[in-house]
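Text of the file coords01.pdb, holding PDB, C-alpha atoms (C1' of nucleotides):
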ATOM      1  CA  MET A   1      41.138 -54.491 -14.995
ATOM      2  CA  PHE A   2      38.411 -57.079 -15.213
ATOM      3  CA  ALA A   3      37.508 -58.829 -18.402
ATOM      4  CA  VAL A   4      33.943 -59.294 -19.514
ATOM      5  CA  GLU A   5      33.569 -62.889 -20.526
ATOM      6  CA  PRO A   6      32.133 -63.142 -24.016
ATOM      7  CA  ILE A   7      29.677 -65.901 -23.413
ATOM      8  CA  ALA A   8      27.684 -65.356 -26.588
ATOM      9  CA  CYS A   9      30.558 -65.157 -29.017
ATOM     10  CA  CYS A  10      29.531 -67.565 -31.721
ATOM     11  CA  ALA A  11      25.798 -67.615 -31.244
ATOM     12  CA  PRO A  12      24.194 -67.535 -34.677
ATOM     13  CA  LEU A  13      22.604 -64.299 -35.651
ATOM     14  CA  GLY A  14      19.045 -64.126 -36.809
ATOM     15  CA  SER A  15      18.272 -65.107 -40.345
ATOM     16  CA  ALA A  16      19.999 -62.914 -42.857
ATOM     17  CA  THR A  17      17.625 -60.181 -43.890
ATOM     18  CA  LEU A  18      19.363 -59.300 -47.136
ATOM     19  CA  THR A  19      19.551 -61.443 -50.210
ATOM     20  CA  ASP A  20      22.516 -61.257 -52.533
ATOM     21  CA  GLU A  21      20.525 -59.173 -54.965
ATOM     22  CA  GLU A  22      19.419 -56.749 -52.270
ATOM     23  CA  ALA A  23      22.935 -56.304 -50.931
ATOM     24  CA  GLU A  24      24.315 -55.758 -54.417
ATOM     25  CA  GLY A  25      21.518 -53.351 -55.290
ATOM     26  CA  THR A  26      22.034 -51.283 -52.180
ATOM     27  CA  ALA A  27      25.776 -51.251 -52.713
ATOM     28  CA  ALA A  28      25.312 -50.169 -56.322
ATOM     29  CA  LEU A  29      23.171 -47.264 -55.180
ATOM     30  CA  PHE A  30      25.820 -46.050 -52.757
ATOM     31  CA  ARG A  31      28.574 -46.717 -55.261
ATOM     32  CA  ALA A  32      26.886 -44.335 -57.664
ATOM     33  CA  LEU A  33      27.678 -41.531 -55.212
ATOM     34  CA  GLY A  34      31.076 -42.919 -54.288
ATOM     35  CA  ASP A  35      32.961 -40.597 -56.592
ATOM     36  CA  PRO A  36      33.607 -36.910 -55.901
ATOM     37  CA  ALA A  37      32.822 -35.952 -59.485
ATOM     38  CA  ARG A  38      29.390 -37.532 -59.244
ATOM     39  CA  VAL A  39      28.810 -35.941 -55.847
ATOM     40  CA  ARG A  40      29.492 -32.575 -57.468
ATOM     41  CA  ILE A  41      27.135 -33.301 -60.349
ATOM     42  CA  VAL A  42      24.336 -34.317 -57.998
ATOM     43  CA  ASN A  43      25.061 -31.261 -55.883
ATOM     44  CA  VAL A  44      24.748 -29.006 -58.920
ATOM     45  CA  LEU A  45      21.468 -30.623 -59.893
ATOM     46  CA  ALA A  46      20.171 -30.411 -56.335
ATOM     47  CA  THR A  47      20.986 -26.727 -55.943
ATOM     48  CA  ALA A  48      19.685 -25.895 -59.405
ATOM     49  CA  GLY A  49      16.300 -27.232 -58.403
ATOM     50  CA  GLY A  50      15.319 -28.311 -61.888
ATOM     51  CA  GLU A  51      16.729 -29.172 -65.252
ATOM     52  CA  VAL A  52      20.376 -28.492 -66.030
ATOM     53  CA  CYS A  53      21.886 -28.587 -69.496
ATOM     54  CA  GLY A  54      24.706 -31.077 -69.726
ATOM     55  CA  CYS A  55      26.812 -28.447 -71.431
ATOM     56  CA  GLU A  56      27.076 -26.616 -68.099
ATOM     57  CA  LEU A  57      28.556 -29.596 -66.299
ATOM     58  CA  THR A  58      31.937 -29.394 -67.963
ATOM     59  CA  ASP A  59      32.731 -26.478 -65.649
ATOM     60  CA  LEU A  60      33.687 -28.945 -62.926
ATOM     61  CA  GLY A  61      37.177 -29.367 -64.341
ATOM     62  CA  LEU A  62      36.492 -32.601 -66.179
ATOM     63  CA  SER A  63      36.664 -33.376 -69.853
ATOM     64  CA  GLN A  64      33.453 -33.812 -71.807
ATOM     65  CA  PRO A  65      33.799 -37.610 -72.161
ATOM     66  CA  THR A  66      34.359 -37.924 -68.435
ATOM     67  CA  VAL A  67      31.270 -35.876 -67.627
ATOM     68  CA  SER A  68      29.246 -37.985 -70.046
ATOM     69  CA  HIS A  69      30.615 -41.096 -68.364
ATOM     70  CA  HIS A  70      29.538 -39.950 -64.916
ATOM     71  CA  LEU A  71      26.115 -38.848 -66.121
ATOM     72  CA  LYS A  72      25.575 -42.298 -67.565
ATOM     73  CA  LYS A  73      26.589 -43.876 -64.270
ATOM     74  CA  LEU A  74      24.129 -41.746 -62.333
ATOM     75  CA  TYR A  75      21.418 -42.317 -64.904
ATOM     76  CA  ASP A  76      21.924 -46.081 -64.864
ATOM     77  CA  ALA A  77      21.700 -45.961 -61.074
ATOM     78  CA  GLY A  78      18.255 -44.390 -61.448
ATOM     79  CA  LEU A  79      19.219 -41.119 -59.792
ATOM     80  CA  LEU A  80      18.797 -38.869 -62.833
ATOM     81  CA  GLU A  81      16.226 -38.113 -65.451
ATOM     82  CA  ARG A  82      17.325 -37.160 -68.925
ATOM     83  CA  GLU A  83      15.518 -35.302 -71.659
ATOM     84  CA  GLN A  84      16.971 -34.523 -75.059
ATOM     85  CA  ARG A  85      15.846 -31.254 -76.591
ATOM     86  CA  GLY A  86      17.516 -30.478 -79.869
ATOM     87  CA  LYS A  87      21.200 -31.071 -79.498
ATOM     88  CA  TRP A  88      21.129 -30.428 -75.771
ATOM     89  CA  ALA A  89      20.523 -32.963 -73.023
ATOM     90  CA  TYR A  90      18.816 -31.755 -69.887
ATOM     91  CA  TYR A  91      19.337 -33.611 -66.643
ATOM     92  CA  SER A  92      17.399 -33.418 -63.404
ATOM     93  CA  LEU A  93      17.427 -35.264 -60.092
ATOM     94  CA  LYS A  94      14.915 -38.010 -59.456
ATOM     95  CA  ARG A  95      13.948 -36.814 -56.008
ATOM     96  CA  ASP A  96      12.218 -40.035 -55.061
ATOM     97  CA  ALA A  97      15.341 -42.033 -55.867
ATOM     98  CA  VAL A  98      17.456 -39.792 -53.671
ATOM     99  CA  ALA A  99      14.833 -40.063 -50.966
ATOM    100  CA  LYS A 100      15.046 -43.839 -51.183
ATOM    101  CA  LEU A 101      18.793 -43.577 -50.822
ATOM    102  CA  ALA A 102      18.328 -41.532 -47.674
ATOM    103  CA  ALA A 103      15.819 -44.046 -46.359
ATOM    104  CA  VAL A 104      18.224 -46.922 -46.933
ATOM    105  CA  ALA A 105      20.979 -45.018 -45.187
ATOM    106  CA  ASP A 106      18.600 -44.385 -42.315
ATOM    107  CA  LEU A 107      18.360 -48.137 -41.850
ATOM    108  CA  LYS A 108      14.600 -47.872 -41.919
ATOM    109  CA  GLU A 109      12.466 -50.610 -43.368
ATOM    110  CA  ALA A 110      10.285 -48.072 -45.105
ATOM    111  CA  CYS A 111      12.012 -48.374 -48.429
ATOM    112  CA  CYS A 112      10.825 -50.559 -51.336
TER
ATOM    113  CA  MET B   1      44.989 -41.741 -45.080
ATOM    114  CA  PHE B   2      42.712 -38.743 -44.731
ATOM    115  CA  ALA B   3      38.951 -38.590 -44.359
ATOM    116  CA  VAL B   4      39.343 -39.694 -40.780
ATOM    117  CA  GLU B   5      36.375 -37.555 -39.809
ATOM    118  CA  PRO B   6      34.120 -37.549 -42.842
ATOM    119  CA  ILE B   7      31.097 -37.484 -40.576
ATOM    120  CA  ALA B   8      32.090 -34.330 -38.805
ATOM    121  CA  CYS B   9      32.414 -32.292 -42.000
ATOM    122  CA  CYS B  10      29.320 -33.596 -43.664
ATOM    123  CA  ALA B  11      28.573 -31.962 -46.951
ATOM    124  CA  PRO B  12      24.916 -32.442 -47.816
ATOM    125  CA  LEU B  13      24.106 -32.970 -51.437
ATOM    126  CA  GLY B  14      21.711 -30.048 -51.295
ATOM    127  CA  SER B  15      24.127 -27.543 -49.803
ATOM    128  CA  ALA B  16      25.855 -24.789 -51.700
ATOM    129  CA  THR B  17      28.730 -25.423 -54.029
ATOM    130  CA  LEU B  18      31.049 -28.034 -52.598
ATOM    131  CA  THR B  19      34.752 -27.706 -52.110
ATOM    132  CA  ASP B  20      37.069 -30.454 -53.249
ATOM    133  CA  GLU B  21      37.441 -31.699 -49.693
ATOM    134  CA  GLU B  22      33.688 -31.764 -49.120
ATOM    135  CA  ALA B  23      33.032 -33.634 -52.352
ATOM    136  CA  GLU B  24      35.760 -36.147 -51.596
ATOM    137  CA  GLY B  25      34.585 -36.586 -48.018
ATOM    138  CA  THR B  26      31.006 -37.158 -49.054
ATOM    139  CA  ALA B  27      32.085 -39.564 -51.791
ATOM    140  CA  ALA B  28      34.262 -41.467 -49.326
ATOM    141  CA  LEU B  29      31.261 -41.912 -47.061
ATOM    142  CA  PHE B  30      29.111 -43.361 -49.780
ATOM    143  CA  ARG B  31      32.005 -45.440 -51.089
ATOM    144  CA  ALA B  32      32.242 -47.109 -47.684
ATOM    145  CA  LEU B  33      28.817 -48.633 -48.352
ATOM    146  CA  GLY B  34      29.485 -49.226 -52.040
ATOM    147  CA  ASP B  35      30.317 -52.898 -51.617
ATOM    148  CA  PRO B  36      27.769 -55.665 -51.027
ATOM    149  CA  ALA B  37      29.939 -57.304 -48.380
ATOM    150  CA  ARG B  38      30.027 -54.110 -46.356
ATOM    151  CA  VAL B  39      26.300 -53.611 -46.845
ATOM    152  CA  ARG B  40      25.762 -57.054 -45.368
ATOM    153  CA  ILE B  41      28.053 -56.332 -42.430
ATOM    154  CA  VAL B  42      26.235 -53.096 -41.643
ATOM    155  CA  ASN B  43      22.940 -54.942 -42.021
ATOM    156  CA  VAL B  44      24.027 -57.568 -39.534
ATOM    157  CA  LEU B  45      25.147 -54.910 -37.082
ATOM    158  CA  ALA B  46      21.920 -52.996 -37.547
ATOM    159  CA  THR B  47      19.678 -55.982 -36.999
ATOM    160  CA  ALA B  48      21.749 -57.192 -34.065
ATOM    161  CA  GLY B  49      21.052 -53.950 -32.305
ATOM    162  CA  GLY B  50      24.275 -53.887 -30.354
ATOM    163  CA  GLU B  51      27.724 -55.354 -30.276
ATOM    164  CA  VAL B  52      28.635 -58.210 -32.588
ATOM    165  CA  CYS B  53      31.728 -60.346 -32.245
ATOM    166  CA  GLY B  54      33.835 -60.201 -35.365
ATOM    167  CA  CYS B  55      34.082 -63.976 -35.294
ATOM    168  CA  GLU B  56      30.423 -64.158 -36.319
ATOM    169  CA  LEU B  57      30.966 -62.129 -39.451
ATOM    170  CA  THR B  58      32.791 -64.851 -41.324
ATOM    171  CA  ASP B  59      29.419 -66.500 -41.887
ATOM    172  CA  LEU B  60      28.835 -64.192 -44.825
ATOM    173  CA  GLY B  61      30.850 -66.433 -47.140
ATOM    174  CA  LEU B  62      34.050 -64.424 -46.988
ATOM    175  CA  SER B  63      37.458 -65.380 -45.685
ATOM    176  CA  GLN B  64      38.645 -64.009 -42.385
ATOM    177  CA  PRO B  65      41.182 -61.572 -43.936
ATOM    178  CA  THR B  66      38.496 -60.216 -46.243
ATOM    179  CA  VAL B  67      36.113 -59.606 -43.360
ATOM    180  CA  SER B  68      38.879 -57.875 -41.446
ATOM    181  CA  HIS B  69      39.570 -55.759 -44.503
ATOM    182  CA  HIS B  70      35.964 -54.622 -44.800
ATOM    183  CA  LEU B  71      35.666 -53.948 -41.090
ATOM    184  CA  LYS B  72      38.685 -51.700 -41.308
ATOM    185  CA  LYS B  73      37.152 -49.852 -44.237
ATOM    186  CA  LEU B  74      33.944 -49.243 -42.323
ATOM    187  CA  TYR B  75      35.810 -48.291 -39.182
ATOM    188  CA  ASP B  76      38.027 -45.817 -41.041
ATOM    189  CA  ALA B  77      34.915 -44.285 -42.554
ATOM    190  CA  GLY B  78      33.666 -43.635 -39.032
ATOM    191  CA  LEU B  79      30.639 -45.909 -39.305
ATOM    192  CA  LEU B  80      31.703 -48.502 -36.733
ATOM    193  CA  GLU B  81      32.883 -48.633 -33.191
ATOM    194  CA  ARG B  82      35.340 -51.288 -32.141
ATOM    195  CA  GLU B  83      36.154 -52.692 -28.740
ATOM    196  CA  GLN B  84      38.659 -55.392 -28.064
ATOM    197  CA  ARG B  85      37.834 -57.723 -25.205
ATOM    198  CA  GLY B  86      40.291 -60.499 -24.779
ATOM    199  CA  LYS B  87      40.978 -62.060 -28.125
ATOM    200  CA  TRP B  88      37.622 -61.008 -29.532
ATOM    201  CA  ALA B  89      36.817 -57.744 -31.248
ATOM    202  CA  TYR B  90      33.295 -56.442 -30.829
ATOM    203  CA  TYR B  91      31.848 -54.137 -33.445
ATOM    204  CA  SER B  92      28.778 -51.955 -33.303
ATOM    205  CA  LEU B  93      27.195 -49.355 -35.534
ATOM    206  CA  LYS B  94      27.721 -45.698 -34.812
ATOM    207  CA  ARG B  95      24.085 -44.812 -35.159
ATOM    208  CA  ASP B  96      24.701 -41.095 -35.260
ATOM    209  CA  ALA B  97      27.195 -41.542 -38.079
ATOM    210  CA  VAL B  98      24.711 -43.527 -40.124
ATOM    211  CA  ALA B  99      22.047 -40.956 -39.342
ATOM    212  CA  LYS B 100      24.292 -38.188 -40.622
ATOM    213  CA  LEU B 101      24.941 -40.208 -43.743
ATOM    214  CA  ALA B 102      21.206 -40.309 -44.296
ATOM    215  CA  ALA B 103      21.025 -36.583 -43.661
ATOM    216  CA  VAL B 104      23.653 -35.975 -46.329
ATOM    217  CA  ALA B 105      21.496 -37.855 -48.784
ATOM    218  CA  ASP B 106      18.409 -35.962 -47.660
ATOM    219  CA  LEU B 107      17.898 -33.018 -49.960
ATOM    220  CA  LYS B 108      15.093 -31.473 -47.969
ATOM    221  CA  GLU B 109      16.753 -30.804 -44.649
ATOM    222  CA  ALA B 110      19.973 -29.080 -43.815
ATOM    223  CA  CYS B 111      22.550 -31.300 -42.213
ATOM    224  CA  CYS B 112      24.801 -29.173 -40.024
TER
ATOM    225  C1'  DC C   1      25.334 -29.760 -98.609
ATOM    226  C1'  DC C   2      28.942 -28.204 -95.278
ATOM    227  C1'  DC C   3      30.131 -26.451 -90.786
ATOM    228  C1'  DT C   4      29.544 -26.008 -85.890
ATOM    229  C1'  DC C   5      28.345 -27.617 -81.560
ATOM    230  C1'  DA C   6      26.597 -30.999 -77.952
ATOM    231  C1'  DT C   7      26.910 -35.563 -76.800
ATOM    232  C1'  DA C   8      28.127 -40.414 -76.846
ATOM    233  C1'  DT C   9      31.336 -44.122 -77.690
ATOM    234  C1'  DC C  10      35.867 -46.355 -78.269
ATOM    235  C1'  DG C  11      40.556 -47.532 -76.854
ATOM    236  C1'  DA C  12      44.240 -47.060 -73.846
ATOM    237  C1'  DT C  13      46.269 -46.320 -69.363
ATOM    238  C1'  DG C  14      47.118 -45.893 -64.673
ATOM    239  C1'  DG C  15      45.375 -46.572 -60.190
ATOM    240  C1'  DA C  16      42.150 -48.309 -56.765
ATOM    241  C1'  DC C  17      39.967 -52.274 -54.894
ATOM    242  C1'  DG C  18      38.145 -57.062 -53.507
ATOM    243  C1'  DT C  19      39.767 -61.448 -52.610
ATOM    244  C1'  DC C  20      42.469 -65.074 -50.721
ATOM    245  C1'  DA C  21      46.629 -67.840 -48.916
ATOM    246  C1'  DA C  22      50.284 -67.316 -46.004
ATOM    247  C1'  DT C  23      52.062 -65.231 -42.150
ATOM    248  C1'  DA C  24      52.345 -62.466 -37.941
ATOM    249  C1'  DT C  25      50.491 -60.923 -33.473
ATOM    250  C1'  DA C  26      48.001 -61.570 -29.403
ATOM    251  C1'  DT C  27      45.191 -63.839 -25.997
ATOM    252  C1'  DC C  28      43.377 -67.677 -23.534
ATOM    253  C1'  DG C  29      43.398 -72.334 -21.671
ATOM    254  C1'  DA C  30      45.740 -76.518 -20.333
TER
ATOM    255  C1'  DT D   1      55.401 -73.167 -21.695
ATOM    256  C1'  DC D   2      52.696 -75.030 -25.501
ATOM    257  C1'  DG D   3      48.797 -75.278 -28.545
ATOM    258  C1'  DA D   4      44.435 -73.326 -30.067
ATOM    259  C1'  DT D   5      41.821 -69.428 -31.462
ATOM    260  C1'  DA D   6      40.743 -64.536 -33.057
ATOM    261  C1'  DT D   7      42.432 -60.934 -35.547
ATOM    262  C1'  DA D   8      45.454 -58.135 -38.401
ATOM    263  C1'  DT D   9      48.879 -57.677 -41.974
ATOM    264  C1'  DT D  10      51.363 -58.809 -46.165
ATOM    265  C1'  DG D  11      51.784 -60.019 -50.910
ATOM    266  C1'  DA D  12      49.877 -61.336 -55.074
ATOM    267  C1'  DC D  13      46.392 -61.442 -58.622
ATOM    268  C1'  DG D  14      42.518 -60.205 -61.268
ATOM    269  C1'  DT D  15      38.941 -56.933 -62.035
ATOM    270  C1'  DC D  16      36.763 -52.666 -62.028
ATOM    271  C1'  DC D  17      36.995 -47.796 -62.820
ATOM    272  C1'  DA D  18      38.216 -42.780 -63.668
ATOM    273  C1'  DT D  19      40.354 -40.270 -67.008
ATOM    274  C1'  DC D  20      41.676 -38.679 -71.358
ATOM    275  C1'  DG D  21      42.288 -38.154 -76.624
ATOM    276  C1'  DA D  22      40.347 -39.489 -80.734
ATOM    277  C1'  DT D  23      36.359 -40.419 -83.119
ATOM    278  C1'  DA D  24      31.448 -41.146 -84.160
ATOM    279  C1'  DT D  25      26.565 -39.564 -84.026
ATOM    280  C1'  DG D  26      23.136 -36.145 -84.435
ATOM    281  C1'  DA D  27      20.872 -31.749 -84.607
ATOM    282  C1'  DG D  28      20.813 -26.675 -86.305
ATOM    283  C1'  DG D  29      22.204 -23.008 -89.014
ATOM    284  C1'  DG D  30      24.301 -21.057 -93.105
TER
END
Please, can you express the file's structure as structure tokens?
Amino acid sequence: MFAVEPIACCAPLGSATLTDEEAEGTAALFRALGDPARVRIVNVLATAGGEVCGCELTDLGLSQPTVSHHLKKLYDAGLLEREQRGKWAYYSLKRDAVAKLAAVADLKEACC
Amino acid sequence: MFAVEPIACCAPLGSATLTDEEAEGTAALFRALGDPARVRIVNVLATAGGEVCGCELTDLGLSQPTVSHHLKKLYDAGLLEREQRGKWAYYSLKRDAVAKLAAVADLKEACC
DNA sequence: CCCTCATATCGATGGACGTCAATATATCGA
DNA sequence: TCGATATATTGACGTCCATCGATATGAGGG
């Protein structure tokens, strides 16, 4: 077994392409979908195709405060739109935001 | 530890109703990139284009145990490949895994 | 006005996680 | 064999977070 000599071990990489703010922003975007409850909520909104009343989202086995908590997280992350009509709140996916997420995950420079 | 193969059982956000395992697997994938340090590591690996010695990754302002911790997280999520040569560990991105992550976030196209 | 219902907020709690110092393991070179 | 280096692991600590019950806010209907 021959060993490949690592001649370029500690050569400096190119200049860092991400600032602290960019890294934190990207991480925050992924973190918004880093919980199974929020994945389910986004999945429901994606399959519904349009607006979904928040009152339907308690069917996921979570209490109403918990659902409200997750909806706020997703909304603050910019992934959801919210419209209050009467005493009901209607949520829908911001498709462009999800598309940006996919673009970031694709490691393309096309985002932003 | 489960979710050893979260890539293989990708559950796109736009697919039909998710099972608990699918939601957790998808969330685990996103959670792997839900930390700015790991975003930076993936960014370095992406811009490097190939293998990167782990000894270079301590330049991100983190201690060596912390870098090792994050590398393990990314590796367990299936996003990295690791090869030990001598006393150095060389990491590289699993491009197909990252591509599938992007596909999960893509609402327009089916993933599997 | 009350009552009901949808939603948000507060407070508490338990667990997960990021971080580092110290230590252990392993490899290479002298 | 000994010392230096790269990496992983352990243990501890502080913070963030998911979850819930209780409560507050707000809109309709009677």
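Here CA of Lys72 (chain A) is placed at a distance of 12.6 Å from CA of Leu33 (chain A).
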Practice problem: Counting all atoms listed in the file, collect the residues of chain B whose closest atom lies at most 8 Å from chain C, and write them out as a VMD selection string. | Solution: chain B and resid 63 65 to 66 86 to 87
Quiz item: Hey, what comes out of the PyMOL selection byres ((chain A) within 6 of (chain B)) on this file? Could you write it as an MDAnalysis selection string?
Solution: chainID A and resid 9:10 23:24 27 30:31 33:36 39 43 46:47 102 105:106
Exercise. Could you expand the PyMOL selection byres ((chain D) within 12 of (chain A)) into the explicit residues it covers here, written as a count of residues only?
Key: 12
Quick one: superpose chain A onto chain B using all C-alpha atoms paired in order, least squares, and give it to me as a CSV table (one decimal) with C-alpha atoms, in the frame of the given file.
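For reference, selection-v5.csv as written:
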chain,number,residue,atom,x,y,z
A,1,MET,CA,18.4,-25.5,-80.2
A,2,PHE,CA,19.0,-22.5,-78.0
A,3,ALA,CA,21.9,-22.3,-75.6
A,4,VAL,CA,21.4,-21.1,-72.1
A,5,GLU,CA,24.2,-18.6,-71.4
A,6,PRO,CA,26.1,-19.5,-68.3
A,7,ILE,CA,26.4,-16.1,-66.8
A,8,ALA,CA,27.3,-17.3,-63.3
A,9,CYS,CA,30.0,-19.8,-64.3
A,10,CYS,CA,32.9,-18.8,-62.0
A,11,ALA,CA,31.1,-17.1,-59.3
A,12,PRO,CA,32.6,-18.1,-56.0
A,13,LEU,CA,30.6,-20.5,-53.9
A,14,GLY,CA,29.8,-19.7,-50.3
A,15,SER,CA,32.4,-20.4,-47.7
A,16,ALA,CA,33.4,-24.0,-47.6
A,17,THR,CA,31.4,-25.7,-44.9
A,18,LEU,CA,33.7,-28.6,-44.4
A,19,THR,CA,37.1,-28.5,-42.9
A,20,ASP,CA,39.8,-31.0,-44.0
A,21,GLU,CA,39.3,-33.0,-40.8
A,22,GLU,CA,35.5,-33.1,-41.3
A,23,ALA,CA,35.8,-34.2,-44.9
A,24,GLU,CA,38.3,-36.9,-44.0
A,25,GLY,CA,36.2,-38.1,-41.1
A,26,THR,CA,33.1,-38.4,-43.1
A,27,ALA,CA,34.9,-40.2,-45.9
A,28,ALA,CA,36.4,-42.6,-43.4
A,29,LEU,CA,33.0,-43.4,-42.1
A,30,PHE,CA,31.7,-44.2,-45.5
A,31,ARG,CA,34.9,-46.1,-46.4
A,32,ALA,CA,34.3,-48.4,-43.5
A,33,LEU,CA,31.2,-49.7,-45.4
A,34,GLY,CA,32.9,-49.5,-48.8
A,35,ASP,CA,33.7,-53.2,-48.8
A,36,PRO,CA,31.2,-56.0,-49.5
A,37,ALA,CA,32.6,-58.2,-46.7
A,38,ARG,CA,32.1,-55.4,-44.2
A,39,VAL,CA,28.6,-54.8,-45.5
A,40,ARG,CA,27.8,-58.4,-45.0
A,41,ILE,CA,29.2,-58.3,-41.4
A,42,VAL,CA,27.2,-55.3,-40.5
A,43,ASN,CA,24.1,-56.9,-42.1
A,44,VAL,CA,24.6,-60.0,-40.0
A,45,LEU,CA,24.9,-57.9,-36.9
A,46,ALA,CA,21.9,-55.8,-37.8
A,47,THR,CA,19.7,-58.8,-38.5
A,48,ALA,CA,20.9,-60.6,-35.4
A,49,GLY,CA,19.7,-57.7,-33.3
A,50,GLY,CA,22.3,-58.2,-30.5
A,51,GLU,CA,25.6,-59.7,-29.8
A,52,VAL,CA,27.2,-62.1,-32.3
A,53,CYS,CA,30.1,-64.3,-31.6
A,54,GLY,CA,33.0,-63.6,-33.9
A,55,CYS,CA,33.3,-67.4,-34.5
A,56,GLU,CA,30.1,-67.3,-36.5
A,57,LEU,CA,31.4,-64.7,-38.9
A,58,THR,CA,33.7,-67.0,-40.7
A,59,ASP,CA,30.7,-68.5,-42.5
A,60,LEU,CA,30.9,-65.6,-45.0
A,61,GLY,CA,33.5,-67.4,-47.1
A,62,LEU,CA,36.5,-65.5,-45.7
A,63,SER,CA,39.4,-66.8,-43.8
A,64,GLN,CA,39.7,-66.1,-40.1
A,65,PRO,CA,42.5,-63.5,-40.4
A,66,THR,CA,40.4,-61.6,-43.0
A,67,VAL,CA,37.3,-61.6,-40.8
A,68,SER,CA,39.4,-60.3,-37.9
A,69,HIS,CA,40.8,-57.6,-40.2
A,70,HIS,CA,37.4,-56.4,-41.2
A,71,LEU,CA,36.1,-56.4,-37.7
A,72,LYS,CA,39.0,-54.3,-36.6
A,73,LYS,CA,38.2,-51.8,-39.4
A,74,LEU,CA,34.6,-51.6,-38.4
A,75,TYR,CA,35.6,-51.3,-34.8
A,76,ASP,CA,38.1,-48.5,-35.4
A,77,ALA,CA,35.4,-46.7,-37.4
A,78,GLY,CA,33.3,-46.7,-34.3
A,79,LEU,CA,30.5,-48.8,-35.8
A,80,LEU,CA,31.0,-51.9,-33.6
A,81,GLU,CA,31.1,-52.7,-29.9
A,82,ARG,CA,33.3,-55.6,-28.8
A,83,GLU,CA,33.2,-57.6,-25.6
A,84,GLN,CA,35.5,-60.5,-24.8
A,85,ARG,CA,34.0,-63.3,-22.8
A,86,GLY,CA,36.4,-66.1,-22.2
A,87,LYS,CA,38.0,-67.0,-25.5
A,88,TRP,CA,35.1,-65.7,-27.5
A,89,ALA,CA,34.7,-62.1,-28.8
A,90,TYR,CA,31.1,-60.8,-29.1
A,91,TYR,CA,30.4,-58.0,-31.5
A,92,SER,CA,27.3,-55.8,-31.7
A,93,LEU,CA,26.3,-52.8,-33.8
A,94,LYS,CA,26.6,-49.3,-32.3
A,95,ARG,CA,23.2,-48.2,-33.4
A,96,ASP,CA,23.9,-44.5,-32.7
A,97,ALA,CA,26.9,-44.6,-34.9
A,98,VAL,CA,24.9,-46.1,-37.8
A,99,ALA,CA,22.2,-43.6,-37.2
A,100,LYS,CA,24.9,-40.8,-37.5
A,101,LEU,CA,26.0,-42.4,-40.7
A,102,ALA,CA,22.4,-42.2,-42.0
A,103,ALA,CA,22.1,-38.6,-40.9
A,104,VAL,CA,25.3,-37.7,-42.7
A,105,ALA,CA,24.1,-39.4,-45.8
A,106,ASP,CA,20.8,-37.5,-45.5
A,107,LEU,CA,22.8,-34.3,-45.8
A,108,LYS,CA,21.1,-33.0,-42.7
A,109,GLU,CA,22.9,-30.7,-40.3
A,110,ALA,CA,21.6,-32.7,-37.3
A,111,CYS,CA,24.7,-34.7,-36.9
A,112,CYS,CA,27.5,-34.0,-34.4
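Take CA of Gly49 (chain A) and CA of Leu71 (chain A): the distance between them is 17.1 Å.
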Self-check item: Separation of C1' of DT7 (chain D) from CA of Glu83 (chain B) in Å
Solution: 12.4 Å
Taking the structure in the block just given, could you write region 5-16 of chain C with C-alpha atoms (C1' of nucleotides), as a CSV table (one decimal), in the first residue's frame?
chain,number,residue,atom,x,y,z
C,5,DC,C1',-63.7,30.5,18.2
C,6,DA,C1',-59.0,31.4,16.0
C,7,DT,C1',-54.7,33.1,17.0
C,8,DA,C1',-50.9,35.0,19.5
C,9,DT,C1',-48.1,35.5,23.7
C,10,DC,C1',-46.2,34.2,28.2
C,11,DG,C1',-43.8,31.1,31.4
C,12,DA,C1',-41.9,26.9,32.4
C,13,DT,C1',-39.4,22.7,31.3
C,14,DG,C1',-36.7,19.3,29.2
C,15,DG,C1',-33.6,18.3,25.6
C,16,DA,C1',-30.6,19.3,21.8
